[in-house]
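Engineer: Here it is: the structure, laid out below.
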Amino acid sequence: MPYPGRIVCLTEETTETLYLLGEQARIVGISGYTVRPPEARDTKPRVGGFTTARIDRILELKPDLVLGFSDLQADIVAELVRRGLQVHVFNQRNVSGILDMTRLLGAMVGAAERASGLADELTARMAGVRARAARRPRRPKVFFEEWDEPLISGIGWVSELIAIVGGQDCFAELAAGTLARKRIVEPDAVIGRRPDIIIGSWCGKRFRPEKVARRPGWSELPAVLDGEVHEIKSALILQPGPAALTDGLAELERITAGWAARAHGHLPDGADRAQTPIVGRQPRLEDR
């Protein structure tokens, strides 16, 4: 076979991308944290978490390619390489990186044309959102909270998506920091930036708006006073893959468009389109 036919995906975004390309039959193992698409979780063997993996299980699956992400999986990757497996590690940290990952992954499985089309579709979708946002008279200041103890913000692709939907990321200067410990912010710093919107996405646990509102000094923030404290599920926004550029982007647009409607007393153009379905079509079970 000229292309890998047995692929283990150690993170969700490569799994979702392969499904969107119609190449899901190649997947023989997935991360235990995979929720998109739901049929992957129901049908594919799980081989571990994010920073842990069952090496013996991966070896049993006899993959001819293992796909990983970032230095956080370096120990897993090193062990797999020592065991003689072929491994590729992606390291996308921004929107262009996600698009590049899509195209490269497509080329790796012989679906370069479809991958290029998917990347173009994602790009066009973002352009449409940006154009709608440009027609709004004000840009809200947005604090995106990736974690609460300590406060972590400024994740690269999320910061870019906030700008695309017409917002101003309160901590955009942190977006170049790849490591979470480089993106820790102090609660007083958030007070100083006075966000109009607060969005929480606590990976692995439920976001609690009431806890945010009780933080010392936060009750007077515009976002809290105006009831603009929202959650976006981590599966939609914290995976650097198709989910962030589709459903995650749609949620960000819905929230910022809603803020604009309440702030200016009208529904912005295109706000009703903020909940359009995911770009691309995941193959139906009967198509596999």
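Chain labels A, B, ... are given in the sequence in which chains occur in the structure tokens; within each chain residues are numbered consecutively from 1, and ligands are likewise numbered from 1 in the order shown.
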Just the helix (DSSP H, G or I) stuff from region 86-207 of chain A, please, per backbone DSSP, written as a compact mmCIF listing (two decimals) with C-alpha atoms, in the first residue's frame.

Structural biologist:
# COMPACT_ATOMS: atom_id res chain seq x y z
CA VAL A 95 -4.99 29.06 12.49
CA SER A 96 -2.52 28.78 9.63
CA GLY A 97 -0.91 25.83 11.40
CA ILE A 98 -4.28 24.07 11.61
CA LEU A 99 -4.81 24.58 7.88
CA ASP A 100 -1.29 23.35 7.14
CA MET A 101 -1.90 20.26 9.29
CA THR A 102 -5.07 19.54 7.31
CA ARG A 103 -3.27 19.73 3.98
CA LEU A 104 -0.26 17.71 5.13
CA LEU A 105 -2.35 14.97 6.71
CA GLY A 106 -4.38 14.72 3.52
CA ALA A 107 -1.21 14.34 1.47
CA MET A 108 0.06 11.65 3.84
CA ALA A 112 -4.31 15.88 -0.96
CA GLU A 113 -6.99 17.32 -3.23
CA ARG A 114 -9.78 16.71 -0.73
CA ALA A 115 -7.65 18.13 2.09
CA SER A 116 -6.89 21.25 0.08
CA GLY A 117 -10.61 21.65 -0.59
CA LEU A 118 -11.41 21.27 3.11
CA ALA A 119 -8.75 23.84 4.03
CA ASP A 120 -10.15 26.23 1.41
CA GLU A 121 -13.67 25.72 2.77
CA LEU A 122 -12.51 26.45 6.31
CA THR A 123 -10.70 29.57 5.07
CA ALA A 124 -13.79 30.80 3.23
CA ARG A 125 -15.92 30.22 6.31
CA MET A 126 -13.57 32.34 8.43
CA ALA A 127 -13.59 35.08 5.77
CA GLY A 128 -17.38 35.18 5.89
CA VAL A 129 -17.38 35.49 9.67
CA ARG A 130 -14.75 38.25 9.51
CA ALA A 131 -16.81 40.18 6.94
CA ARG A 132 -19.95 40.01 9.08
CA ALA A 133 -18.02 41.11 12.15
CA ALA A 134 -16.57 44.10 10.29
CA GLY A 156 -2.83 31.01 19.92
CA TRP A 157 -5.61 29.87 17.61
CA VAL A 158 -8.34 31.02 20.03
CA SER A 159 -6.84 34.51 20.13
CA GLU A 160 -6.95 34.62 16.32
CA LEU A 161 -10.53 33.37 16.21
CA ILE A 162 -11.59 36.05 18.70
CA ALA A 163 -10.22 38.66 16.29
CA ILE A 164 -12.00 37.01 13.35
CA ALA A 172 -3.43 38.75 22.74
CA GLU A 173 0.21 39.40 23.59
CA LEU A 174 0.39 35.95 25.17
CA ALA A 180 0.59 27.04 29.28
CA ARG A 181 2.91 28.21 32.05
CA LYS A 182 3.92 31.11 29.81
CA ARG A 183 0.28 32.22 29.55
CA PRO A 187 -6.75 38.08 38.45
CA ASP A 188 -5.92 41.76 39.00
CA ALA A 189 -4.61 41.95 35.43
CA VAL A 190 -8.01 40.82 34.16
CA ILE A 191 -9.68 43.51 36.27
CA GLY A 192 -7.38 46.06 34.69
CA ARG A 193 -8.37 45.02 31.17

Engineer: Write out as a PyMOL selection string each polymer residue whose atoms come within 7 Å of Arg36 (chain A), counting only C-alpha atoms; drop sequence neighbours fewer than 3 positions from it.

Structural biologist: chain A and resi 12+16+40

Engineer: As a PyMOL selection string, list the residues of region 60-260 of chain A assigned to strand (DSSP E or B) by DSSP on the backbone atoms of this structure.

Structural biologist: chain A and resi 65-69+87-90+141-145+147-148+151-152+168-169+184+197-200+229-231

Engineer: Can you spit out the residues from that selection as an mmCIF file, in the first residue's frame, using N, CA and C atoms?

Structural biologist:
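Result file part.cif:
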data_model
loop_
_atom_site.group_PDB
_atom_site.id
_atom_site.type_symbol
_atom_site.label_atom_id
_atom_site.label_comp_id
_atom_site.auth_asym_id
_atom_site.auth_seq_id
_atom_site.Cartn_x
_atom_site.Cartn_y
_atom_site.Cartn_z
ATOM 1 N N LEU A 65 1.647 3.989 10.945
ATOM 2 C CA LEU A 65 1.866 5.408 11.219
ATOM 3 C C LEU A 65 1.165 5.766 12.523
ATOM 4 N N VAL A 66 1.863 6.491 13.387
ATOM 5 C CA VAL A 66 1.270 7.040 14.613
ATOM 6 C C VAL A 66 1.356 8.555 14.515
ATOM 7 N N LEU A 67 0.242 9.225 14.781
ATOM 8 C CA LEU A 67 0.185 10.686 14.707
ATOM 9 C C LEU A 67 0.082 11.269 16.109
ATOM 10 N N GLY A 68 1.024 12.148 16.454
ATOM 11 C CA GLY A 68 1.027 12.786 17.757
ATOM 12 C C GLY A 68 0.959 14.288 17.640
ATOM 13 N N PHE A 69 1.003 14.950 18.811
ATOM 14 C CA PHE A 69 0.941 16.418 18.841
ATOM 15 C C PHE A 69 1.861 16.967 19.919
ATOM 16 N N VAL A 87 6.448 7.486 13.274
ATOM 17 C CA VAL A 87 5.684 8.481 14.019
ATOM 18 C C VAL A 87 5.836 9.845 13.361
ATOM 19 N N HIS A 88 4.724 10.570 13.273
ATOM 20 C CA HIS A 88 4.784 11.974 12.847
ATOM 21 C C HIS A 88 4.111 12.819 13.917
ATOM 22 N N VAL A 89 4.789 13.885 14.331
ATOM 23 C CA VAL A 89 4.262 14.767 15.368
ATOM 24 C C VAL A 89 3.933 16.126 14.755
ATOM 25 N N PHE A 90 2.676 16.500 14.825
ATOM 26 C CA PHE A 90 2.259 17.841 14.401
ATOM 27 C C PHE A 90 2.470 18.814 15.554
ATOM 28 N N LYS A 141 -14.125 43.632 24.203
ATOM 29 C CA LYS A 141 -12.916 43.064 24.804
ATOM 30 C C LYS A 141 -13.289 41.707 25.405
ATOM 31 N N VAL A 142 -12.556 40.670 25.014
ATOM 32 C CA VAL A 142 -12.897 39.297 25.385
ATOM 33 C C VAL A 142 -11.775 38.688 26.219
ATOM 34 N N PHE A 143 -12.148 38.172 27.388
ATOM 35 C CA PHE A 143 -11.197 37.391 28.178
ATOM 36 C C PHE A 143 -11.570 35.927 28.034
ATOM 37 N N PHE A 144 -10.676 35.160 27.411
ATOM 38 C CA PHE A 144 -10.890 33.728 27.236
ATOM 39 C C PHE A 144 -10.092 32.993 28.295
ATOM 40 N N GLU A 145 -10.795 32.216 29.107
ATOM 41 C CA GLU A 145 -10.181 31.536 30.246
ATOM 42 C C GLU A 145 -10.064 30.042 29.950
ATOM 43 N N TRP A 147 -8.142 27.958 31.744
ATOM 44 C CA TRP A 147 -8.082 27.249 33.025
ATOM 45 C C TRP A 147 -8.251 28.267 34.134
ATOM 46 N N ASP A 148 -8.671 27.799 35.327
ATOM 47 C CA ASP A 148 -9.005 28.743 36.386
ATOM 48 C C ASP A 148 -8.004 28.797 37.531
ATOM 49 N N LEU A 151 -5.116 31.078 36.469
ATOM 50 C CA LEU A 151 -5.765 31.581 35.266
ATOM 51 C C LEU A 151 -4.808 31.463 34.086
ATOM 52 N N ILE A 152 -5.282 30.834 33.028
ATOM 53 C CA ILE A 152 -4.490 30.698 31.802
ATOM 54 C C ILE A 152 -5.307 31.248 30.652
ATOM 55 N N GLN A 168 -11.701 41.662 20.702
ATOM 56 C CA GLN A 168 -10.318 42.004 21.058
ATOM 57 C C GLN A 168 -9.906 41.092 22.213
ATOM 58 N N ASP A 169 -8.964 40.208 21.953
ATOM 59 C CA ASP A 169 -8.483 39.328 23.011
ATOM 60 C C ASP A 169 -7.759 40.165 24.059
ATOM 61 N N ILE A 184 0.058 32.334 31.949
ATOM 62 C CA ILE A 184 -0.653 32.539 33.208
ATOM 63 C C ILE A 184 -0.861 34.033 33.434
ATOM 64 N N ILE A 197 -16.722 40.666 27.643
ATOM 65 C CA ILE A 197 -17.179 39.278 27.559
ATOM 66 C C ILE A 197 -16.132 38.393 28.227
ATOM 67 N N ILE A 198 -16.581 37.443 29.024
ATOM 68 C CA ILE A 198 -15.702 36.411 29.577
ATOM 69 C C ILE A 198 -16.179 35.072 29.044
ATOM 70 N N ILE A 199 -15.252 34.305 28.489
ATOM 71 C CA ILE A 199 -15.572 32.973 27.976
ATOM 72 C C ILE A 199 -14.679 31.966 28.682
ATOM 73 N N GLY A 200 -15.304 30.970 29.291
ATOM 74 C CA GLY A 200 -14.556 29.918 29.956
ATOM 75 C C GLY A 200 -14.610 28.617 29.183
ATOM 76 N N VAL A 229 -20.983 36.258 30.699
ATOM 77 C CA VAL A 229 -20.036 35.218 31.105
ATOM 78 C C VAL A 229 -20.541 33.909 30.505
ATOM 79 N N HIS A 230 -19.787 33.331 29.599
ATOM 80 C CA HIS A 230 -20.246 32.219 28.791
ATOM 81 C C HIS A 230 -19.276 31.043 28.853
ATOM 82 N N GLU A 231 -19.770 29.884 28.475
ATOM 83 C CA GLU A 231 -18.916 28.706 28.326
ATOM 84 C C GLU A 231 -18.930 28.239 26.880
#

Engineer: Point out the residue among A:Ala25, A:Ile255, A:Val77, A:Leu61 with the least atom-to-atom distance to Val109 (chain A), counting only C-alpha atoms.

Structural biologist: A:Ala25

Engineer: Please measure the separation of CA of Ser31 (chain A) and CA of Ala111 (chain A), giving the value in Å to one decimal.

Structural biologist: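 Atom-to-atom, CA of Ser31 (chain A) to CA of Ala111 (chain A), that is 22.6 Å.
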
Engineer: Write out as number ranges by chain each polymer residue whose atoms come within 7 Å of Pro45 (chain A), counting only C-alpha atoms; drop sequence neighbours fewer than 5 positions from it.

Structural biologist: A: 28-30
